[in-house]
>>> print(open('upload_5.cif').read())   # mmCIF, C-alpha atoms and all ligand atoms
data_upload
#
loop_
_atom_site.label_atom_id
_atom_site.label_comp_id
_atom_site.auth_asym_id
_atom_site.auth_seq_id
_atom_site.Cartn_x
_atom_site.Cartn_y
_atom_site.Cartn_z
CA MET A 1 0.00 0.00 0.00
CA SER A 2 1.48 3.37 -1.03
CA THR A 3 1.89 6.11 1.60
CA ARG A 4 -0.51 9.03 1.21
CA ARG A 5 1.58 12.21 1.05
CA LEU A 6 -0.35 14.78 3.09
CA TYR A 7 2.21 17.52 2.33
CA TYR A 8 1.00 17.45 -1.30
CA ASP A 9 -2.31 18.93 -0.18
CA ASP A 10 -1.18 21.31 2.54
CA SER A 11 2.49 22.16 3.06
CA PHE A 12 1.60 24.44 6.00
CA GLN A 13 0.09 21.73 8.22
CA ASP A 14 2.55 20.68 10.94
CA ASN A 15 0.78 17.85 12.79
CA PHE A 16 -1.20 14.83 11.72
CA THR A 17 -2.64 11.47 12.74
CA ALA A 18 -1.71 8.22 11.02
CA GLN A 19 -1.74 4.45 11.39
CA VAL A 20 1.56 2.66 11.98
CA LEU A 21 1.46 -0.20 9.46
CA GLY A 22 4.84 -1.69 10.34
CA CYS A 23 7.97 -1.06 12.42
CA GLU A 24 11.15 -3.08 11.88
CA PRO A 25 14.62 -2.74 13.44
CA LEU A 26 17.13 -1.64 10.82
CA SER A 27 20.36 -3.52 10.25
CA GLU A 28 23.77 -1.97 10.94
CA GLY A 29 24.21 -0.84 7.32
CA ASP A 30 20.91 1.04 7.21
CA GLU A 31 21.18 2.96 10.44
CA GLY A 32 24.26 5.02 9.57
CA GLY A 33 26.09 4.22 12.81
CA PHE A 34 24.07 6.48 15.12
CA GLY A 35 22.76 3.87 17.51
CA GLU A 36 19.69 1.68 17.19
CA ARG A 37 17.20 2.66 14.50
CA TRP A 38 13.77 1.42 13.39
CA GLY A 39 12.09 1.79 10.01
CA VAL A 40 8.41 2.79 10.17
CA PHE A 41 5.74 2.76 7.44
CA LEU A 42 2.53 4.76 7.90
CA ASP A 43 -0.70 4.90 5.91
CA GLN A 44 -0.17 8.68 5.48
CA THR A 45 2.42 11.26 6.44
CA LEU A 46 3.29 14.95 6.48
CA LEU A 47 7.03 14.23 6.60
CA TYR A 48 8.81 15.02 3.33
CA PRO A 49 11.41 12.46 2.17
CA THR A 50 14.72 13.61 0.66
CA SER A 51 14.06 13.99 -3.07
CA GLY A 52 14.25 16.41 -5.98
CA GLY A 53 16.98 18.53 -4.38
CA GLN A 54 15.00 19.17 -1.16
CA PRO A 55 16.22 17.53 2.07
CA ASN A 56 13.90 15.52 4.31
CA ASP A 57 11.81 16.85 7.16
CA LEU A 58 12.53 15.96 10.77
CA GLY A 59 9.88 15.55 13.45
CA LYS A 60 8.24 13.13 15.88
CA LEU A 61 6.03 10.08 15.67
CA GLY A 62 4.58 9.58 19.15
CA ASN A 63 7.61 9.74 21.45
CA ALA A 64 10.02 8.66 18.73
CA ASN A 65 12.29 11.17 17.01
CA VAL A 66 12.28 10.96 13.23
CA VAL A 67 15.95 11.16 12.21
CA ASP A 68 15.54 10.57 8.46
CA VAL A 69 12.78 10.21 5.88
CA ARG A 70 13.33 8.39 2.59
CA ASP A 71 11.40 7.37 -0.49
CA SER A 72 10.99 3.60 -0.69
CA ASP A 73 9.30 2.97 -4.06
CA ASP A 74 5.79 4.42 -3.59
CA ARG A 75 6.02 4.26 0.19
CA ILE A 76 7.81 6.59 2.62
CA LEU A 77 10.27 5.12 5.12
CA HIS A 78 10.50 6.99 8.44
CA ILE A 79 13.69 6.21 10.36
CA VAL A 80 13.12 6.61 14.11
CA ASP A 81 15.17 6.20 17.28
CA ARG A 82 12.80 3.82 19.16
CA PRO A 83 10.28 1.14 18.24
CA LEU A 84 6.61 2.04 17.73
CA PRO A 85 3.56 -0.22 18.19
CA THR A 86 1.23 -0.64 15.23
CA GLY A 87 -2.00 1.37 15.36
CA ARG A 88 -2.94 5.03 15.59
CA ILE A 89 -0.21 7.60 16.24
CA GLU A 90 0.18 11.39 16.42
CA GLY A 91 2.95 12.91 14.33
CA CYS A 92 4.42 16.37 13.86
CA ILE A 93 7.12 18.01 11.77
CA HIS A 94 9.94 20.30 12.89
CA TRP A 95 8.37 23.45 11.51
CA PRO A 96 11.36 25.89 11.41
CA ARG A 97 13.31 23.39 9.27
CA ARG A 98 10.33 22.80 6.92
CA PHE A 99 9.62 26.53 6.54
CA ASP A 100 13.30 27.21 5.80
CA HIS A 101 13.25 24.51 3.10
CA MET A 102 10.06 25.98 1.61
CA GLN A 103 11.63 29.45 1.48
CA GLN A 104 14.78 28.14 -0.27
CA HIS A 105 12.85 25.82 -2.59
CA THR A 106 10.17 28.33 -3.65
CA GLY A 107 12.90 30.96 -4.08
CA GLN A 108 14.67 28.51 -6.37
CA HIS A 109 11.57 28.15 -8.60
CA LEU A 110 11.38 31.93 -8.90
CA LEU A 111 15.10 32.43 -9.51
CA SER A 112 15.25 29.67 -12.14
CA ALA A 113 12.20 31.15 -13.90
CA VAL A 114 13.78 34.62 -14.01
CA PHE A 115 17.15 33.33 -15.31
CA GLN A 116 15.37 31.34 -18.02
CA GLU A 117 12.74 33.87 -19.11
CA ARG A 118 14.85 37.02 -18.96
CA PHE A 119 18.34 35.77 -19.74
CA GLY A 120 17.88 32.42 -21.53
CA LEU A 121 19.84 30.51 -18.88
CA VAL A 122 18.22 27.15 -18.13
CA THR A 123 18.52 25.52 -14.68
CA VAL A 124 19.90 21.98 -15.11
CA SER A 125 20.11 21.07 -11.41
CA PHE A 126 19.31 22.37 -7.95
CA HIS A 127 20.72 21.62 -4.52
CA LEU A 128 19.35 22.82 -1.21
CA GLY A 129 22.24 22.81 1.28
CA GLU A 130 22.44 23.16 5.05
CA THR A 131 23.68 26.73 4.71
CA VAL A 132 23.77 27.65 1.02
CA SER A 133 21.64 26.50 -1.92
CA THR A 134 22.69 26.35 -5.55
CA ILE A 135 21.29 26.19 -9.05
CA ASP A 136 23.41 25.15 -12.02
CA LEU A 137 22.72 27.22 -15.15
CA ARG A 138 23.60 26.14 -18.67
CA GLY A 139 24.72 28.72 -21.20
CA PRO A 140 27.22 31.58 -21.48
CA GLN A 141 28.81 33.00 -18.33
CA PRO A 142 26.33 35.30 -16.55
CA SER A 143 27.85 38.79 -16.25
CA ALA A 144 27.70 40.82 -13.04
CA GLN A 145 24.87 42.84 -14.65
CA ILE A 146 22.89 39.66 -15.38
CA LEU A 147 23.35 38.39 -11.81
CA GLU A 148 22.21 41.69 -10.38
CA GLY A 149 19.36 41.91 -12.89
CA ALA A 150 18.12 38.41 -12.00
CA ALA A 151 18.25 39.12 -8.26
CA ARG A 152 16.39 42.42 -8.67
CA ALA A 153 13.74 40.88 -10.94
CA ALA A 154 13.18 37.95 -8.55
CA ASN A 155 12.93 40.29 -5.55
CA ALA A 156 10.45 42.49 -7.44
CA VAL A 157 8.19 39.43 -7.80
CA ILE A 158 8.57 38.78 -4.07
CA PHE A 159 7.46 42.36 -3.32
CA GLU A 160 4.42 41.89 -5.60
CA ASP A 161 3.39 39.03 -3.28
CA ARG A 162 2.04 36.85 -6.07
CA GLU A 163 -0.06 33.79 -5.42
CA ILE A 164 1.52 30.32 -5.60
CA THR A 165 -0.77 27.38 -6.34
CA VAL A 166 -0.52 23.63 -6.73
CA ARG A 167 -2.02 22.35 -10.00
CA TYR A 168 -2.65 18.88 -11.34
CA GLY A 169 -2.76 17.88 -15.00
CA THR A 170 -1.23 15.72 -17.69
CA ALA A 171 2.13 16.40 -19.30
CA GLU A 172 0.32 17.45 -22.51
CA GLU A 173 -1.91 19.92 -20.67
CA PHE A 174 1.07 21.51 -18.90
CA ALA A 175 3.05 21.64 -22.16
CA GLU A 176 0.23 23.66 -23.77
CA GLN A 177 0.35 26.08 -20.84
CA GLY A 178 4.08 26.75 -21.27
CA VAL A 179 5.57 24.66 -18.48
CA ARG A 180 9.20 25.60 -17.71
CA LYS A 181 10.53 22.05 -17.70
CA GLN A 182 8.80 19.48 -19.90
CA VAL A 183 8.38 15.99 -18.47
CA ASP A 184 7.04 12.96 -20.32
CA ARG A 185 5.74 10.94 -17.38
CA PRO A 186 2.31 9.42 -17.99
CA GLY A 187 -0.71 10.14 -15.78
CA ILE A 188 -1.58 13.11 -13.63
CA LEU A 189 1.33 15.34 -12.64
CA ARG A 190 1.67 17.90 -9.87
CA ALA A 191 2.96 21.34 -10.79
CA ILE A 192 3.64 24.57 -8.93
CA GLU A 193 2.46 27.83 -10.44
CA ILE A 194 3.73 31.27 -9.48
CA ALA A 195 0.99 33.48 -10.92
CA GLY A 196 2.09 34.99 -14.23
CA ILE A 197 5.71 33.90 -13.79
CA ASP A 198 6.27 30.16 -13.69
CA LEU A 199 4.73 26.72 -14.06
CA GLN A 200 7.00 23.87 -13.01
CA PRO A 201 6.31 20.17 -12.28
CA CYS A 202 7.47 19.47 -8.71
CA GLY A 203 6.66 17.16 -5.81
CA GLY A 204 8.25 19.36 -3.14
CA THR A 205 6.82 21.68 -0.51
CA HIS A 206 6.26 25.35 -1.39
CA LEU A 207 4.98 28.62 0.05
CA ARG A 208 1.54 30.11 -0.63
CA ARG A 209 2.67 33.54 -1.76
CA THR A 210 5.94 34.95 -3.11
CA GLY A 211 6.05 37.47 -0.24
CA GLN A 212 6.80 34.57 2.14
CA ILE A 213 10.17 34.05 0.39
CA GLY A 214 11.17 37.30 2.09
CA LEU A 215 14.19 38.14 -0.05
CA ILE A 216 16.64 36.44 -2.39
CA LEU A 217 20.35 37.13 -2.13
CA LEU A 218 22.86 35.84 -4.72
CA ARG A 219 26.17 35.00 -3.08
CA GLY A 220 28.41 33.71 -5.84
CA CYS A 221 28.83 32.32 -9.34
CA THR A 222 31.46 29.70 -10.16
CA LYS A 223 32.07 27.42 -13.12
CA VAL A 224 31.33 23.75 -12.45
CA ARG A 225 32.16 21.58 -15.46
CA GLN A 226 30.20 23.16 -18.36
CA ASP A 227 27.68 24.99 -16.16
CA TRP A 228 27.52 28.08 -13.93
CA ARG A 229 26.75 27.38 -10.28
CA ILE A 230 24.83 30.20 -8.60
CA GLU A 231 24.85 30.26 -4.78
CA PHE A 232 21.80 31.88 -3.26
CA LEU A 233 20.00 32.39 0.04
CA CYS A 234 16.32 33.07 0.71
CA GLY A 235 14.23 34.36 3.59
CA GLY A 236 15.60 33.76 7.10
CA ARG A 237 18.98 32.77 5.70
CA VAL A 238 19.35 36.20 4.08
CA GLU A 239 18.73 37.80 7.47
CA SER A 240 21.38 35.66 9.24
CA ALA A 241 23.90 36.12 6.43
CA THR A 242 23.36 39.89 6.37
CA ARG A 243 23.73 40.08 10.12
CA SER A 244 27.00 38.13 10.11
CA ASP A 245 28.31 40.06 7.08
CA PHE A 246 27.54 43.33 8.86
CA ALA A 247 29.29 42.14 12.04
CA ALA A 248 32.37 41.26 9.95
CA LEU A 249 32.20 44.65 8.19
CA ASN A 250 31.92 46.49 11.51
CA HIS A 251 34.88 44.56 12.88
CA VAL A 252 37.01 45.55 9.88
CA ALA A 253 35.78 49.17 10.07
CA ALA A 254 36.68 49.33 13.78
CA GLN A 255 40.17 47.96 13.03
CA LEU A 256 40.62 50.45 10.19
CA LYS A 257 39.14 53.24 12.36
CA CYS A 258 36.70 54.31 9.65
CA ALA A 259 32.96 54.19 8.89
CA PRO A 260 31.64 50.89 7.41
CA ALA A 261 30.92 52.69 4.12
CA GLU A 262 34.59 53.74 3.87
CA VAL A 263 36.09 50.27 4.41
CA ALA A 264 36.97 49.71 0.73
CA SER A 265 38.79 53.02 0.25
CA SER A 266 40.50 52.73 3.66
CA LEU A 267 41.71 49.23 2.86
CA ASP A 268 43.03 50.31 -0.57
CA ARG A 269 44.94 53.16 1.11
CA LEU A 270 46.31 50.84 3.80
CA LEU A 271 47.54 48.33 1.23
CA ARG A 272 49.24 51.10 -0.78
CA GLU A 273 50.92 52.37 2.40
CA ARG A 274 52.04 48.85 3.30
CA GLU A 275 53.57 48.35 -0.13
CA ALA A 276 55.44 51.66 0.12
CA ALA A 277 56.67 50.78 3.64
CA SER A 278 57.84 47.39 2.44
CA LYS A 279 59.79 49.02 -0.41
CA ARG A 280 61.41 51.47 2.03
CA LEU A 281 62.33 48.62 4.37
CA LYS A 282 63.87 46.63 1.51
CA SER A 283 65.96 49.63 0.46
CA LEU A 284 67.21 50.08 4.06
CA LEU A 285 68.25 46.45 4.58
CA PRO A 286 71.62 46.66 2.72
CA LYS A 287 72.52 49.88 4.58
CA LEU A 288 71.64 48.33 7.93
CA ALA A 289 73.63 45.21 7.01
CA GLU A 290 76.69 47.32 6.11
CA ALA A 291 76.52 49.06 9.50
CA GLU A 292 76.12 45.84 11.47
CA ALA A 293 78.89 44.15 9.42
CA ALA A 294 81.28 47.01 10.21
CA LYS A 295 80.57 46.62 13.94
CA LEU A 296 80.92 42.81 13.87
CA LEU A 297 84.22 43.06 11.98
CA ALA A 298 85.54 45.67 14.42
CA ASP A 299 84.62 43.42 17.38
CA SER A 300 86.19 40.31 15.85
CA SER A 301 89.77 39.19 15.51
CA PRO A 302 91.39 36.67 13.14
CA ARG A 303 92.26 33.18 14.34
CA ALA A 304 95.80 31.86 14.43
CA ASP A 305 95.34 30.45 10.90
CA GLY A 306 94.33 33.92 9.64
CA LEU A 307 90.63 33.08 9.17
CA ARG A 308 88.09 35.51 10.60
CA VAL A 309 85.04 33.43 11.61
CA ILE A 310 81.99 35.49 12.53
CA ALA A 311 78.99 33.53 13.88
CA LYS A 312 75.85 35.46 14.68
CA LEU A 313 72.48 34.31 15.96
CA LEU A 314 69.69 36.65 14.83
CA GLU A 315 66.05 36.83 15.83
CA SER A 316 63.08 37.51 13.52
CA VAL A 317 64.97 39.43 10.86
CA GLU A 318 63.70 40.06 7.32
CA PRO A 319 64.42 36.96 5.17
CA ASP A 320 66.77 38.93 2.87
CA TYR A 321 68.73 40.45 5.75
CA LEU A 322 70.89 37.34 6.36
CA GLN A 323 72.07 37.47 2.76
CA HIS A 324 72.83 41.22 2.89
CA LEU A 325 74.76 40.80 6.15
CA ALA A 326 76.75 37.80 4.88
CA THR A 327 77.64 39.65 1.65
CA ALA A 328 78.80 42.70 3.59
CA LEU A 329 80.91 40.61 6.00
CA CYS A 330 82.54 38.54 3.27
CA ARG A 331 83.98 41.59 1.53
CA SER A 332 86.65 41.24 4.19
CA GLU A 333 89.64 38.97 3.31
CA LYS A 334 89.59 35.40 4.68
CA ALA A 335 86.19 35.94 6.33
CA ILE A 336 83.67 33.21 7.05
CA THR A 337 80.16 34.21 8.10
CA LEU A 338 77.79 31.82 9.89
CA LEU A 339 74.28 33.22 10.40
CA ALA A 340 71.09 31.65 11.75
CA ASP A 341 67.66 33.04 12.64
CA THR A 342 65.99 31.59 15.76
CA GLU A 343 62.48 32.46 14.58
CA SER A 344 62.47 31.11 11.01
CA GLY A 345 65.37 28.62 11.28
CA ALA A 346 66.97 30.29 8.23
CA ILE A 347 70.71 29.66 7.84
CA VAL A 348 73.33 31.38 5.67
CA PHE A 349 76.97 30.26 5.45
CA ALA A 350 79.25 32.46 3.35
CA GLN A 351 82.94 33.08 2.84
CA SER A 352 85.25 35.40 0.99
CA PRO A 353 86.93 33.22 -1.68
CA THR A 354 90.31 33.61 0.05
CA ALA A 355 88.96 31.66 3.08
CA ALA A 356 89.03 28.56 0.84
CA LYS A 357 86.58 26.38 2.75
CA ASP A 358 83.37 24.76 1.37
CA MET A 359 80.16 26.37 2.65
CA ASN A 360 77.84 23.95 0.83
CA ALA A 361 79.65 20.96 2.39
CA LEU A 362 79.49 22.66 5.79
CA LEU A 363 75.71 23.15 5.44
CA LYS A 364 75.25 19.47 4.56
CA GLN A 365 77.32 18.46 7.63
CA VAL A 366 75.13 20.61 9.88
CA PHE A 367 71.93 19.15 8.36
CA ALA A 368 73.29 15.66 9.10
CA GLN A 369 72.96 16.52 12.79
CA PHE A 370 70.09 19.04 12.68
CA PRO A 371 67.58 18.23 9.90
CA GLY A 372 66.87 20.93 7.35
CA LYS A 373 66.81 21.80 3.66
CA GLY A 374 69.05 23.95 1.54
CA SER A 375 72.11 24.09 -0.70
CA GLY A 376 74.52 26.48 -2.38
CA THR A 377 78.04 26.87 -3.70
CA LYS A 378 81.50 26.66 -2.21
CA ASP A 379 81.30 30.35 -1.23
CA PHE A 380 77.61 30.79 -0.36
CA ALA A 381 75.02 28.34 0.96
CA ARG A 382 71.59 28.95 2.44
CA GLY A 383 68.81 26.84 3.87
CA ALA A 384 66.40 26.41 6.77
CA LEU A 385 66.34 24.12 9.79
CA ALA A 386 63.25 21.92 10.19
CA GLY A 387 63.24 22.98 13.86
CA PRO A 388 64.07 26.70 14.30
CA ALA A 389 64.73 25.97 18.02
CA ASN A 390 67.88 24.14 16.87
CA ALA A 391 69.36 27.37 15.48
CA PRO A 392 71.75 28.10 18.44
CA ALA A 393 73.04 24.51 18.58
CA ALA A 394 73.38 24.28 14.79
CA LEU A 395 75.39 27.52 14.77
CA GLU A 396 77.73 26.24 17.51
CA HIS A 397 78.13 22.96 15.62
CA SER A 398 79.05 24.74 12.38
CA LYS A 399 81.68 26.74 14.28
CA SER A 400 83.20 23.60 15.77
CA LEU A 401 83.34 21.96 12.32
CA LEU A 402 85.57 24.81 11.14
CA GLN A 403 88.16 24.26 13.88
ZN ZN B 1 9.47 22.69 -6.16
#
>>> encode(input="upload_5.cif", output="structure tokens", more="lines below")
Ligand SMILES: [Zn+2]
Amino acid sequence: MSTRRLYYDDSFQDNFTAQVLGCEPLSEGDEGGFGERWGVFLDQTLLYPTSGGQPNDLGKLGNANVVDVRDSDDRILHIVDRPLPTGRIEGCIHWPRRFDHMQQHTGQHLLSAVFQERFGLVTVSFHLGETVSTIDLRGPQPSAQILEGAARAANAVIFEDREITVRYGTAEEFAEQGVRKQVDRPGILRAIEIAGIDLQPCGGTHLRRTGQIGLILLRGCTKVRQDWRIEFLCGGRVESATRSDFAALNHVAAQLKCAPAEVASSLDRLLREREAASKRLKSLLPKLAEAEAAKLLADSSPRADGLRVIAKLLESVEPDYLQHLATALCRSEKAITLLADTESGAIVFAQSPTAAKDMNALLKQVFAQFPGKGSGTKDFARGALAGPANAPAALEHSKSLLQ
């Protein structure tokens, strides 16, 4: 016996009475690993099963929680968290979830109709997600003007508060009336009509008037295979998204110390200033390196073999600074420079050619003890330690290897 789908007749009813025809424990594979589950069949139900891009309703049957609802041929399988006796039972649906689905789903009908009628972009699929819903459009890439035009046109229909009705008829009858998506199923079909805008075969749950959609907000357009995926929100989801967007905007405005409306220009200015500051810093690095090199050379003295080994541990310097400092130090005859940064783990070993050691070989020897990556030439080698905390020990080790 097929299950009578009460939501076909009235998608605004939220409680009902039914007969439990059967209740069977579900096997491990069916229950999805969330504890014990039972499958229940009723003679009629208000609970919508996942189908046609719209997720299932949740609700209660007696004391049992309905955790999933699925189509099972022409019957509807209710998956519940406790067994139910056969016989009469009261049921209800979780109304906020149902109403949210109706807002997104009815909004989708309207949006798809506008894209098709005004811009020739046909909806090839629809997905109603937990947070964001999508339609996939086939055709050329919708421009920013088309996206804005579609959103404005759809919202204008919402403001007109047009009537939405359920109609029944054959595929031929609907085809004559200009149905948006032709189907060739035999028998009587169910279709949803938005007065003067759209006629679309659908078995889902919908609102009574376009005003109940509230508002449609387009959130993005990306290419998915050959189609264009439009992300959109309707109704209550627009309100939450706008609230969280505004909180984020206010946070940024407070950080930038400007009004929310001035965030874009303030951010552009800040980025320009940052770029200029970065350029100035880069131009100062060689000069700073020259000055520090002069001081390090003055404070150092050559070893008995004539080599001047300068080892210096640095902390959080600009990545290029090690190179500038090493270059400046190695202008001195028979100089060897060993530099390491404790924050990044960066290492530079360099020598003036007259020192006649092998910096690349030295780096490899250090990495044998303290893992890291890098390479170079006989006179200049650079790399980074896997563990920056090893920088002091690695520097000491490199010094001892040069004894
Ligand atoms: Zn629908």
>>> residues_near_ligand(input="upload_5.cif", ligand="ligand ZN 1 (chain B)", cutoff="8 Å", atoms="all atoms listed in the file", output="PDB file with C-alpha atoms, in the frame of the given file")
ATOM      1  CA  GLY A  52      14.250  16.410  -5.980  1.00  0.00           C
ATOM      2  CA  HIS A 105      12.850  25.820  -2.590  1.00  0.00           C
ATOM      3  CA  THR A 106      10.170  28.330  -3.650  1.00  0.00           C
ATOM      4  CA  GLN A 108      14.670  28.510  -6.370  1.00  0.00           C
ATOM      5  CA  HIS A 109      11.570  28.150  -8.600  1.00  0.00           C
ATOM      6  CA  ILE A 192       3.640  24.570  -8.930  1.00  0.00           C
ATOM      7  CA  GLN A 200       7.000  23.870 -13.010  1.00  0.00           C
ATOM      8  CA  PRO A 201       6.310  20.170 -12.280  1.00  0.00           C
ATOM      9  CA  CYS A 202       7.470  19.470  -8.710  1.00  0.00           C
ATOM     10  CA  GLY A 203       6.660  17.160  -5.810  1.00  0.00           C
ATOM     11  CA  GLY A 204       8.250  19.360  -3.140  1.00  0.00           C
ATOM     12  CA  THR A 205       6.820  21.680  -0.510  1.00  0.00           C
ATOM     13  CA  HIS A 206       6.260  25.350  -1.390  1.00  0.00           C
TER      14      HIS A 206
END
>>> residues_near_point(input="upload_5.cif", point="(6.4, 42.5, -5.6)", cutoff="12 Å", atoms="all atoms listed in the file", output="list in words")
Arg152, Ala153, Ala154, Asn155, Ala156, Val157, Ile158, Phe159, Glu160, Asp161, Arg162, Glu163, Ala195, Ile197, Arg209, Thr210, Gly211, Gln212, Ile213, Gly214 and Leu215 of chain A
>>> write_last_selection(input="upload_5.cif", atoms="C-alpha atoms", output="PDB file, keeping the file's coordinate frame")
ATOM      1  CA  ARG A 152      16.390  42.420  -8.670  1.00  0.00           C
ATOM      2  CA  ALA A 153      13.740  40.880 -10.940  1.00  0.00           C
ATOM      3  CA  ALA A 154      13.180  37.950  -8.550  1.00  0.00           C
ATOM      4  CA  ASN A 155      12.930  40.290  -5.550  1.00  0.00           C
ATOM      5  CA  ALA A 156      10.450  42.490  -7.440  1.00  0.00           C
ATOM      6  CA  VAL A 157       8.190  39.430  -7.800  1.00  0.00           C
ATOM      7  CA  ILE A 158       8.570  38.780  -4.070  1.00  0.00           C
ATOM      8  CA  PHE A 159       7.460  42.360  -3.320  1.00  0.00           C
ATOM      9  CA  GLU A 160       4.420  41.890  -5.600  1.00  0.00           C
ATOM     10  CA  ASP A 161       3.390  39.030  -3.280  1.00  0.00           C
ATOM     11  CA  ARG A 162       2.040  36.850  -6.070  1.00  0.00           C
ATOM     12  CA  GLU A 163      -0.060  33.790  -5.420  1.00  0.00           C
ATOM     13  CA  ALA A 195       0.990  33.480 -10.920  1.00  0.00           C
ATOM     14  CA  ILE A 197       5.710  33.900 -13.790  1.00  0.00           C
ATOM     15  CA  ARG A 209       2.670  33.540  -1.760  1.00  0.00           C
ATOM     16  CA  THR A 210       5.940  34.950  -3.110  1.00  0.00           C
ATOM     17  CA  GLY A 211       6.050  37.470  -0.240  1.00  0.00           C
ATOM     18  CA  GLN A 212       6.800  34.570   2.140  1.00  0.00           C
ATOM     19  CA  ILE A 213      10.170  34.050   0.390  1.00  0.00           C
ATOM     20  CA  GLY A 214      11.170  37.300   2.090  1.00  0.00           C
ATOM     21  CA  LEU A 215      14.190  38.140  -0.050  1.00  0.00           C
TER      22      LEU A 215
END
>>> residues_around(input="upload_5.cif", residues="Leu21 of chain A", least_positions_apart="5", cutoff="9 Å", atoms="only C-alpha atoms", output="PDB file with C-alpha atoms, in the frame of the given file")
ATOM      1  CA  VAL A  40       8.410   2.790  10.170  1.00  0.00           C
ATOM      2  CA  PHE A  41       5.740   2.760   7.440  1.00  0.00           C
ATOM      3  CA  LEU A  42       2.530   4.760   7.900  1.00  0.00           C
ATOM      4  CA  ASP A  43      -0.700   4.900   5.910  1.00  0.00           C
ATOM      5  CA  PRO A  85       3.560  -0.220  18.190  1.00  0.00           C
ATOM      6  CA  THR A  86       1.230  -0.640  15.230  1.00  0.00           C
ATOM      7  CA  GLY A  87      -2.000   1.370  15.360  1.00  0.00           C
TER       8      GLY A  87
END
>>> atom_distance(input="upload_5.cif", atom1="atom CA of Cys23 of chain A", atom2="atom CA of Leu84 of chain A")
6.3 Å
>>> closest_residue(input="upload_5.cif", among="A:Ala291, A:Ala350, A:Leu26, A:Val114", to="Asp81 of chain A", atoms="only C-alpha atoms")
A:Leu26
>>> atom_distance(input="upload_5.cif", atom1="atom CA of Val348 of chain A", atom2="atom CA of Ala289 of chain A")
13.9 Å
>>> residues_around(input="upload_5.cif", residues="Ala340 of chain A", least_positions_apart="2", cutoff="6 Å", atoms="only C-alpha atoms", output="PyMOL selection string")
chain A and resi 313+346-347+391
>>> atom_distance(input="upload_5.cif", atom1="atom CA of Ala356 of chain A", atom2="atom CA of Asp305 of chain A")
12.0 Å
>>> residues_near_point(input="upload_5.cif", point="(-1.2, 13.2, 12.2)", cutoff="12 Å", atoms="all atoms listed in the file", output="NGL selection string")
:A and (4-7 or 13-20 or 42-47 or 59-62 or 88-93)
>>> residues_around(input="upload_5.cif", residues="Leu296 of chain A", least_positions_apart="5", cutoff="9 Å", atoms="only C-alpha atoms", output="list in words")
Ala291, Ile310, Lys312 and Leu329 of chain A
>>> write_last_selection(input="upload_5.cif", atoms="C-alpha atoms", output="PDB file, in the coordinates of the input")
ATOM      1  CA  ALA A 291      76.520  49.060   9.500  1.00  0.00           C
ATOM      2  CA  ILE A 310      81.990  35.490  12.530  1.00  0.00           C
ATOM      3  CA  LYS A 312      75.850  35.460  14.680  1.00  0.00           C
ATOM      4  CA  LEU A 329      80.910  40.610   6.000  1.00  0.00           C
TER       5      LEU A 329
END
>>> closest_residue(input="upload_5.cif", among="A:Ala253, A:Leu58, A:Ile230, A:Ile76", to="Ser265 of chain A", atoms="all atoms listed in the file")
A:Ala253
>>> residues_around(input="upload_5.cif", residues="Gln323 of chain A", least_positions_apart="3", cutoff="12 Å", atoms="all atoms listed in the file", output="VMD selection string")
chain A and resid 285 to 286 289 to 290 293 317 to 320 326 to 330 337 to 341 346 to 351 380 to 383
>>> write_last_selection(input="upload_5.cif", atoms="C-alpha atoms", output="JSON list (two decimals), keeping the file's coordinate frame")
[["chain", "number", "residue", "atom", "x", "y", "z"],
["A", 285, "LEU", "CA", 68.25, 46.45, 4.58],
["A", 286, "PRO", "CA", 71.62, 46.66, 2.72],
["A", 289, "ALA", "CA", 73.63, 45.21, 7.01],
["A", 290, "GLU", "CA", 76.69, 47.32, 6.11],
["A", 293, "ALA", "CA", 78.89, 44.15, 9.42],
["A", 317, "VAL", "CA", 64.97, 39.43, 10.86],
["A", 318, "GLU", "CA", 63.70, 40.06, 7.32],
["A", 319, "PRO", "CA", 64.42, 36.96, 5.17],
["A", 320, "ASP", "CA", 66.77, 38.93, 2.87],
["A", 326, "ALA", "CA", 76.75, 37.80, 4.88],
["A", 327, "THR", "CA", 77.64, 39.65, 1.65],
["A", 328, "ALA", "CA", 78.80, 42.70, 3.59],
["A", 329, "LEU", "CA", 80.91, 40.61, 6.00],
["A", 330, "CYS", "CA", 82.54, 38.54, 3.27],
["A", 337, "THR", "CA", 80.16, 34.21, 8.10],
["A", 338, "LEU", "CA", 77.79, 31.82, 9.89],
["A", 339, "LEU", "CA", 74.28, 33.22, 10.40],
["A", 340, "ALA", "CA", 71.09, 31.65, 11.75],
["A", 341, "ASP", "CA", 67.66, 33.04, 12.64],
["A", 346, "ALA", "CA", 66.97, 30.29, 8.23],
["A", 347, "ILE", "CA", 70.71, 29.66, 7.84],
["A", 348, "VAL", "CA", 73.33, 31.38, 5.67],
["A", 349, "PHE", "CA", 76.97, 30.26, 5.45],
["A", 350, "ALA", "CA", 79.25, 32.46, 3.35],
["A", 351, "GLN", "CA", 82.94, 33.08, 2.84],
["A", 380, "PHE", "CA", 77.61, 30.79, -0.36],
["A", 381, "ALA", "CA", 75.02, 28.34, 0.96],
["A", 382, "ARG", "CA", 71.59, 28.95, 2.44],
["A", 383, "GLY", "CA", 68.81, 26.84, 3.87]]
>>> closest_residue(input="upload_5.cif", among="A:Thr123, A:Ser300, A:Thr222, A:Ser278", to="Ser143 of chain A", atoms="all atoms listed in the file")
A:Thr222
>>> closest_residue(input="upload_5.cif", among="A:Met102, A:Val122, A:Leu288, A:Ala64", to="Arg138 of chain A", atoms="only C-alpha atoms")
A:Val122
>>> closest_residue(input="upload_5.cif", among="A:Val69, A:Cys234, A:Ala151, A:Ala171", to="Gly107 of chain A", atoms="only C-alpha atoms")
A:Cys234
